[in-house]
>>> print(open('final.cif').read())   # mmCIF, C-alpha atoms
data_upload
#
loop_
_atom_site.label_atom_id
_atom_site.label_comp_id
_atom_site.auth_asym_id
_atom_site.auth_seq_id
_atom_site.Cartn_x
_atom_site.Cartn_y
_atom_site.Cartn_z
CA MET A 38 12.69 -29.82 14.02
CA SER A 39 10.19 -27.55 12.34
CA TRP A 40 10.04 -23.99 11.08
CA GLN A 41 7.23 -21.46 10.95
CA ILE A 42 6.72 -20.51 7.29
CA SER A 43 5.17 -17.21 6.24
CA ASP A 44 2.89 -16.51 3.31
CA VAL A 45 4.59 -15.74 0.02
CA ILE A 46 5.84 -12.17 -0.53
CA GLU A 47 7.67 -10.36 -3.32
CA GLY A 48 11.39 -11.01 -2.92
CA LYS A 49 12.17 -7.59 -4.39
CA SER A 50 10.54 -6.00 -1.34
CA LEU A 51 13.60 -7.07 0.68
CA ASP A 52 16.16 -5.40 -1.61
CA LYS A 53 18.25 -3.01 0.53
CA LYS A 54 16.18 -4.05 3.57
CA TYR A 55 18.82 -4.22 6.31
CA GLN A 56 16.42 -3.99 9.24
CA LEU A 57 12.96 -5.56 9.42
CA THR A 58 10.25 -3.63 11.19
CA ALA A 59 6.97 -4.69 12.76
CA ASN A 60 5.23 -3.48 9.57
CA ASP A 61 7.27 -6.00 7.55
CA LYS A 62 5.96 -8.87 9.69
CA ASP A 63 2.56 -7.80 11.09
CA LYS A 64 0.46 -8.94 8.14
CA LEU A 65 2.20 -12.28 7.68
CA GLN A 66 0.42 -15.51 8.51
CA TRP A 67 2.45 -18.52 9.60
CA THR A 68 2.23 -22.27 8.97
CA GLU A 69 4.29 -24.83 10.87
CA LEU A 70 6.29 -27.12 8.60
CA ASP A 71 8.23 -30.14 9.85
CA CYS A 72 11.64 -30.93 8.39
CA GLU A 73 12.19 -34.13 6.45
CA ALA A 74 14.53 -36.90 7.66
CA THR A 75 17.38 -35.23 5.74
CA GLY A 76 16.91 -32.05 7.79
CA ILE A 77 15.56 -30.11 4.82
CA CYS A 78 12.42 -28.08 5.28
CA ASN A 79 10.79 -28.49 1.86
CA LEU A 80 9.02 -25.17 1.32
CA ALA A 81 7.17 -26.49 -1.73
CA ARG A 82 5.01 -28.52 0.67
CA VAL A 83 3.43 -25.25 1.85
CA HIS A 84 3.79 -22.77 -1.04
CA GLY A 85 4.27 -22.54 -4.76
CA LEU A 86 5.42 -19.49 -6.67
CA GLN A 87 2.84 -16.82 -7.31
CA GLY A 88 4.30 -14.58 -10.03
CA GLU A 89 6.57 -12.00 -8.44
CA ARG A 90 5.66 -13.39 -5.02
CA ASN A 91 8.55 -15.84 -4.77
CA THR A 92 9.83 -15.48 -1.19
CA VAL A 93 8.85 -16.80 2.23
CA PHE A 94 10.27 -16.31 5.69
CA ALA A 95 11.26 -19.40 7.65
CA LYS A 96 11.22 -18.55 11.37
CA ILE A 97 12.43 -20.10 14.61
CA THR A 98 13.02 -18.67 18.05
CA VAL A 99 16.42 -19.26 19.64
CA HIS A 100 16.31 -18.97 23.43
CA SER A 101 19.77 -18.23 24.79
CA GLU A 102 20.70 -18.64 28.46
CA SER A 103 23.26 -15.84 28.10
CA GLU A 104 24.59 -13.27 25.68
CA GLN A 105 26.74 -15.29 23.29
CA THR A 106 27.70 -15.82 19.66
CA LYS A 107 26.66 -19.14 18.14
CA PRO A 108 27.71 -20.42 14.70
CA MET A 109 24.93 -21.90 12.59
CA ALA A 110 25.64 -23.84 9.41
CA PHE A 111 22.84 -23.70 6.89
CA GLY A 112 21.82 -24.40 3.33
CA PHE A 113 19.07 -23.14 1.09
CA SER A 114 17.73 -22.99 -2.42
CA ASP A 115 17.82 -20.58 -4.21
CA VAL A 116 18.54 -17.26 -2.44
CA ALA A 117 18.56 -16.48 1.30
CA ARG A 118 18.72 -13.53 3.65
CA VAL A 119 19.26 -14.22 7.36
CA TYR A 120 17.78 -11.78 9.88
CA LEU A 121 18.33 -12.03 13.64
CA ASN A 122 16.08 -9.87 15.79
CA GLY A 123 15.22 -7.92 12.65
CA ARG A 124 18.80 -7.19 11.57
CA LEU A 125 20.22 -8.55 8.31
CA LEU A 126 23.33 -10.66 8.98
CA TYR A 127 23.75 -12.59 5.73
CA ALA A 128 22.62 -12.61 2.11
CA GLY A 129 23.64 -15.23 -0.43
CA SER A 130 22.74 -17.12 -3.57
CA ASP A 131 23.00 -20.85 -4.22
CA ILE A 132 21.19 -20.94 -7.54
CA TYR A 133 21.86 -23.54 -10.21
CA ARG A 134 25.48 -23.28 -11.45
CA SER A 135 26.25 -20.34 -9.14
CA ARG A 136 29.32 -21.99 -7.57
CA ASP A 137 30.62 -23.56 -10.80
CA TYR A 138 29.20 -25.24 -13.89
CA ARG A 139 28.65 -28.51 -12.00
CA PHE A 140 26.73 -27.03 -9.05
CA LEU A 141 23.10 -28.16 -9.22
CA GLY A 142 21.72 -25.76 -6.62
CA THR A 143 21.40 -28.50 -4.03
CA VAL A 144 20.66 -27.72 -0.38
CA GLY A 145 23.64 -28.54 1.83
CA LEU A 146 25.32 -27.05 4.87
CA PHE A 147 27.60 -24.95 2.65
CA ASP A 148 27.25 -21.61 4.46
CA GLU A 149 27.69 -20.43 8.03
CA VAL A 150 26.55 -17.38 9.96
CA TYR A 151 27.58 -16.29 13.46
CA LEU A 152 24.50 -15.34 15.45
CA PRO A 153 25.06 -12.62 18.10
CA LEU A 154 22.44 -13.88 20.54
CA ARG A 155 21.17 -11.78 23.39
CA LYS A 156 20.01 -13.38 26.62
CA GLY A 157 16.43 -14.59 26.25
CA ASN A 158 14.43 -15.08 23.07
CA ASN A 159 15.93 -14.23 19.69
CA GLU A 160 13.86 -14.27 16.50
CA LEU A 161 15.67 -15.88 13.56
CA LEU A 162 14.09 -15.25 10.15
CA VAL A 163 15.49 -16.61 6.90
CA ALA A 164 13.95 -15.14 3.76
CA VAL A 165 14.17 -17.83 1.07
CA THR A 166 13.58 -16.90 -2.57
CA GLU A 167 12.84 -19.44 -5.30
CA GLY A 168 13.78 -19.21 -8.96
CA PHE A 169 13.16 -22.69 -10.30
CA GLY A 170 13.63 -26.34 -9.40
CA GLY A 171 12.34 -26.39 -5.82
CA TRP A 172 13.08 -24.54 -2.63
CA GLY A 173 14.09 -25.40 0.87
CA ILE A 174 16.19 -24.63 3.90
CA LYS A 175 18.15 -26.58 6.48
CA ALA A 176 20.22 -25.47 9.45
CA GLN A 177 22.40 -26.99 12.14
CA PHE A 178 24.13 -25.75 15.27
CA ASP A 179 27.45 -27.38 16.22
CA ASP A 180 26.14 -27.75 19.75
CA MET A 181 23.01 -26.84 21.63
CA GLU A 182 24.81 -25.79 24.81
CA GLY A 183 23.07 -22.75 26.28
CA ILE A 184 20.32 -22.56 23.65
CA LYS A 185 16.87 -24.01 22.97
CA LEU A 186 14.88 -23.80 19.75
CA PHE A 187 11.16 -23.35 19.41
#
>>> encode(input="final.cif", output="structure tokens")
Amino acid sequence: MSWQISDVIEGKSLDKKYQLTANDKDKLQWTELDCEATGICNLARVHGLQGERNTVFAKITVHSESEQTKPMAFGFSDVARVYLNGRLLYAGSDIYRSRDYRFLGTVGLFDEVYLPLRKGNNELLVAVTEGFGGWGIKAQFDDMEGIKLF
């Protein structure tokens, strides 16, 4: 699997951004990035931090044969916001020691979001923000019945 990765933006620009518009995405340029054998898409392979510009969008298209809700387990480092068809569905933080004093900020399938898919193509964007120590994303559907990813 691979993701389309945007250029780096300021993460603060997404504060209180519950709906993305065409203006939010029009100027972005995209680079395809393959996932590693572990399933992690290592964002450091494409971008480093650039001051306050510490966030990228990871994008895939989910084609659904029908209107349905599909659970997607995912993991990220350090902060993520999940948008489906422009609408914010999830925001969370998995930074170092955020779960307890032993949590290292590792990327695992610790979180889940339920995607309300419409029939046809659905744009899934995950804004991933980096603080320190590396950044990445991984995702997994329980089953692929009725959906295709591209």
>>> resolve_selection(input="final.cif", expression="the PyMOL selection byres ((chain A and resi 187) around 6)", output="list in words")
Ile97, Thr98 and Leu186 of chain A
>>> axis_aligned_box(input="final.cif", around="stretch 145-160 of chain A", padding_each_side="5 Å", output="JSON")
{"center_x": 20.8, "center_y": -20.2, "center_z": 14.2, "size_x": 23.8, "size_y": 26.8, "size_z": 34.8}
>>> resolve_selection(input="final.cif", expression="the PyMOL selection byres ((chain A and resi 153) around 10)", output="PDB file with C-alpha atoms, in the frame of the given file")
ATOM      1  CA  GLU A 104      24.590 -13.270  25.680  1.00  0.00           C
ATOM      2  CA  GLN A 105      26.740 -15.290  23.290  1.00  0.00           C
ATOM      3  CA  THR A 106      27.700 -15.820  19.660  1.00  0.00           C
ATOM      4  CA  LYS A 107      26.660 -19.140  18.140  1.00  0.00           C
ATOM      5  CA  PRO A 108      27.710 -20.420  14.700  1.00  0.00           C
ATOM      6  CA  LEU A 121      18.330 -12.030  13.640  1.00  0.00           C
ATOM      7  CA  ASN A 122      16.080  -9.870  15.790  1.00  0.00           C
ATOM      8  CA  LEU A 126      23.330 -10.660   8.980  1.00  0.00           C
ATOM      9  CA  VAL A 150      26.550 -17.380   9.960  1.00  0.00           C
ATOM     10  CA  TYR A 151      27.580 -16.290  13.460  1.00  0.00           C
ATOM     11  CA  LEU A 152      24.500 -15.340  15.450  1.00  0.00           C
ATOM     12  CA  LEU A 154      22.440 -13.880  20.540  1.00  0.00           C
ATOM     13  CA  ARG A 155      21.170 -11.780  23.390  1.00  0.00           C
ATOM     14  CA  LYS A 156      20.010 -13.380  26.620  1.00  0.00           C
ATOM     15  CA  ASN A 159      15.930 -14.230  19.690  1.00  0.00           C
TER      16      ASN A 159
END
>>> atom_distance(input="final.cif", atom1="atom CA of A:Lys185", atom2="atom CA of A:Gln41")
15.6 Å
>>> residues_around(input="final.cif", residues="A:Arg124", least_positions_apart="4", cutoff="7 Å", atoms="all atoms listed in the file", output="VMD selection string")
chain A and resid 55 to 57 120
>>> write_last_selection(input="final.cif", atoms="C-alpha atoms", output="compact mmCIF listing (two decimals), keeping the file's coordinate frame")
# COMPACT_ATOMS: atom_id res chain seq x y z
CA TYR A 55 18.82 -4.22 6.31
CA GLN A 56 16.42 -3.99 9.24
CA LEU A 57 12.96 -5.56 9.42
CA TYR A 120 17.78 -11.78 9.88
>>> residues_around(input="final.cif", residues="A:Gly112", least_positions_apart="3", cutoff="12 Å", atoms="all atoms listed in the file", output="VMD selection string")
chain A and resid 75 to 79 109 115 to 119 128 to 132 142 to 150 163 165 172 to 177
>>> residues_around(input="final.cif", residues="A:Glu102", least_positions_apart="2", cutoff="7 Å", atoms="only C-alpha atoms", output="PyMOL selection string")
chain A and resi 100+156-157+183-184
>>> closest_residue(input="final.cif", among="A:Leu162, A:Tyr127, A:Ala110, A:Lys62", to="A:Trp40", atoms="only C-alpha atoms")
A:Leu162
>>> atom_distance(input="final.cif", atom1="atom CA of A:Val99", atom2="atom CA of A:Asn158")
5.8 Å
>>> resolve_selection(input="final.cif", expression="the PyMOL selection byres ((chain A and resi 43) around 8)", output="number ranges by chain")
A: 41-42, 44-45, 65-68, 93-95
>>> residues_around(input="final.cif", residues="A:Gly171", least_positions_apart="2", cutoff="8 Å", atoms="all atoms listed in the file", output="tab-separated table (two decimals) with C-alpha atoms, in the coordinates of the input")
chain	number	residue	atom	x	y	z
A	80	LEU	CA	9.02	-25.17	1.32
A	81	ALA	CA	7.17	-26.49	-1.73
A	114	SER	CA	17.73	-22.99	-2.42
A	167	GLU	CA	12.84	-19.44	-5.30
A	168	GLY	CA	13.78	-19.21	-8.96
A	169	PHE	CA	13.16	-22.69	-10.30
A	173	GLY	CA	14.09	-25.40	0.87
>>> atom_distance(input="final.cif", atom1="atom CA of A:Met181", atom2="atom CA of A:Asp61")
29.7 Å
>>> residues_around(input="final.cif", residues="A:Gln87", least_positions_apart="5", cutoff="10 Å", atoms="all atoms listed in the file", output="list of chain:residue names")
A:Val45, A:Ile46, A:Glu47, A:Thr92
>>> build_atoms(input="final.cif", residues="stretch 156-187 of chain A", atoms="N, CA and C atoms", output="CSV table (one decimal), in the frame of the given file")
chain,number,residue,atom,x,y,z
A,156,LYS,N,20.6,-12.5,25.6
A,156,LYS,CA,20.0,-13.4,26.6
A,156,LYS,C,18.5,-13.3,26.4
A,157,GLY,N,17.9,-14.5,26.4
A,157,GLY,CA,16.4,-14.6,26.2
A,157,GLY,C,16.1,-15.0,24.8
A,158,ASN,N,14.9,-14.6,24.4
A,158,ASN,CA,14.4,-15.1,23.1
A,158,ASN,C,15.0,-14.2,21.9
A,159,ASN,N,15.4,-14.9,20.9
A,159,ASN,CA,15.9,-14.2,19.7
A,159,ASN,C,15.2,-14.8,18.5
A,160,GLU,N,14.6,-13.9,17.7
A,160,GLU,CA,13.9,-14.3,16.5
A,160,GLU,C,14.8,-14.4,15.3
A,161,LEU,N,14.9,-15.6,14.7
A,161,LEU,CA,15.7,-15.9,13.6
A,161,LEU,C,14.7,-16.1,12.4
A,162,LEU,N,14.9,-15.2,11.4
A,162,LEU,CA,14.1,-15.2,10.2
A,162,LEU,C,15.0,-15.4,9.0
A,163,VAL,N,14.7,-16.4,8.1
A,163,VAL,CA,15.5,-16.6,6.9
A,163,VAL,C,14.5,-16.4,5.7
A,164,ALA,N,14.8,-15.4,5.0
A,164,ALA,CA,14.0,-15.1,3.8
A,164,ALA,C,14.5,-16.0,2.7
A,165,VAL,N,13.7,-16.9,2.1
A,165,VAL,CA,14.2,-17.8,1.1
A,165,VAL,C,13.4,-17.5,-0.2
A,166,THR,N,14.2,-17.3,-1.3
A,166,THR,CA,13.6,-16.9,-2.6
A,166,THR,C,13.8,-18.0,-3.6
A,167,GLU,N,12.8,-18.4,-4.3
A,167,GLU,CA,12.8,-19.4,-5.3
A,167,GLU,C,12.9,-18.9,-6.7
A,168,GLY,N,13.7,-19.5,-7.5
A,168,GLY,CA,13.8,-19.2,-9.0
A,168,GLY,C,13.2,-20.3,-9.8
A,169,PHE,N,13.7,-21.5,-9.7
A,169,PHE,CA,13.2,-22.7,-10.3
A,169,PHE,C,13.8,-23.9,-9.7
A,170,GLY,N,13.1,-25.1,-9.8
A,170,GLY,CA,13.6,-26.3,-9.4
A,170,GLY,C,13.4,-26.8,-8.0
A,171,GLY,N,12.6,-26.0,-7.2
A,171,GLY,CA,12.3,-26.4,-5.8
A,171,GLY,C,13.0,-25.5,-4.8
A,172,TRP,N,12.5,-25.4,-3.6
A,172,TRP,CA,13.1,-24.5,-2.6
A,172,TRP,C,13.0,-25.2,-1.3
A,173,GLY,N,14.0,-24.8,-0.5
A,173,GLY,CA,14.1,-25.4,0.9
A,173,GLY,C,15.2,-24.7,1.7
A,174,ILE,N,15.2,-25.1,3.0
A,174,ILE,CA,16.2,-24.6,3.9
A,174,ILE,C,16.5,-25.7,4.9
A,175,LYS,N,17.8,-25.7,5.4
A,175,LYS,CA,18.2,-26.6,6.5
A,175,LYS,C,19.2,-25.8,7.3
A,176,ALA,N,19.3,-26.2,8.6
A,176,ALA,CA,20.2,-25.5,9.4
A,176,ALA,C,20.7,-26.4,10.5
A,177,GLN,N,21.8,-26.1,11.1
A,177,GLN,CA,22.4,-27.0,12.1
A,177,GLN,C,23.4,-26.2,13.0
A,178,PHE,N,23.2,-26.3,14.3
A,178,PHE,CA,24.1,-25.8,15.3
A,178,PHE,C,25.1,-26.8,15.6
A,179,ASP,N,26.4,-26.4,15.8
A,179,ASP,CA,27.4,-27.4,16.2
A,179,ASP,C,27.1,-28.0,17.6
A,180,ASP,N,26.6,-27.2,18.5
A,180,ASP,CA,26.1,-27.8,19.8
A,180,ASP,C,25.0,-26.9,20.2
A,181,MET,N,24.2,-27.5,21.1
A,181,MET,CA,23.0,-26.8,21.6
A,181,MET,C,23.2,-26.3,23.0
A,182,GLU,N,24.5,-26.3,23.5
A,182,GLU,CA,24.8,-25.8,24.8
A,182,GLU,C,24.4,-24.3,25.0
A,183,GLY,N,23.5,-24.1,26.0
A,183,GLY,CA,23.1,-22.8,26.3
A,183,GLY,C,22.0,-22.2,25.4
A,184,ILE,N,21.4,-23.0,24.5
A,184,ILE,CA,20.3,-22.6,23.6
A,184,ILE,C,19.2,-23.6,23.6
A,185,LYS,N,18.0,-23.1,23.3
A,185,LYS,CA,16.9,-24.0,23.0
A,185,LYS,C,16.2,-23.4,21.8
A,186,LEU,N,15.6,-24.2,20.9
A,186,LEU,CA,14.9,-23.8,19.8
A,186,LEU,C,13.4,-24.1,19.9
A,187,PHE,N,12.6,-23.1,19.5
A,187,PHE,CA,11.2,-23.4,19.4
A,187,PHE,C,10.5,-22.4,18.4
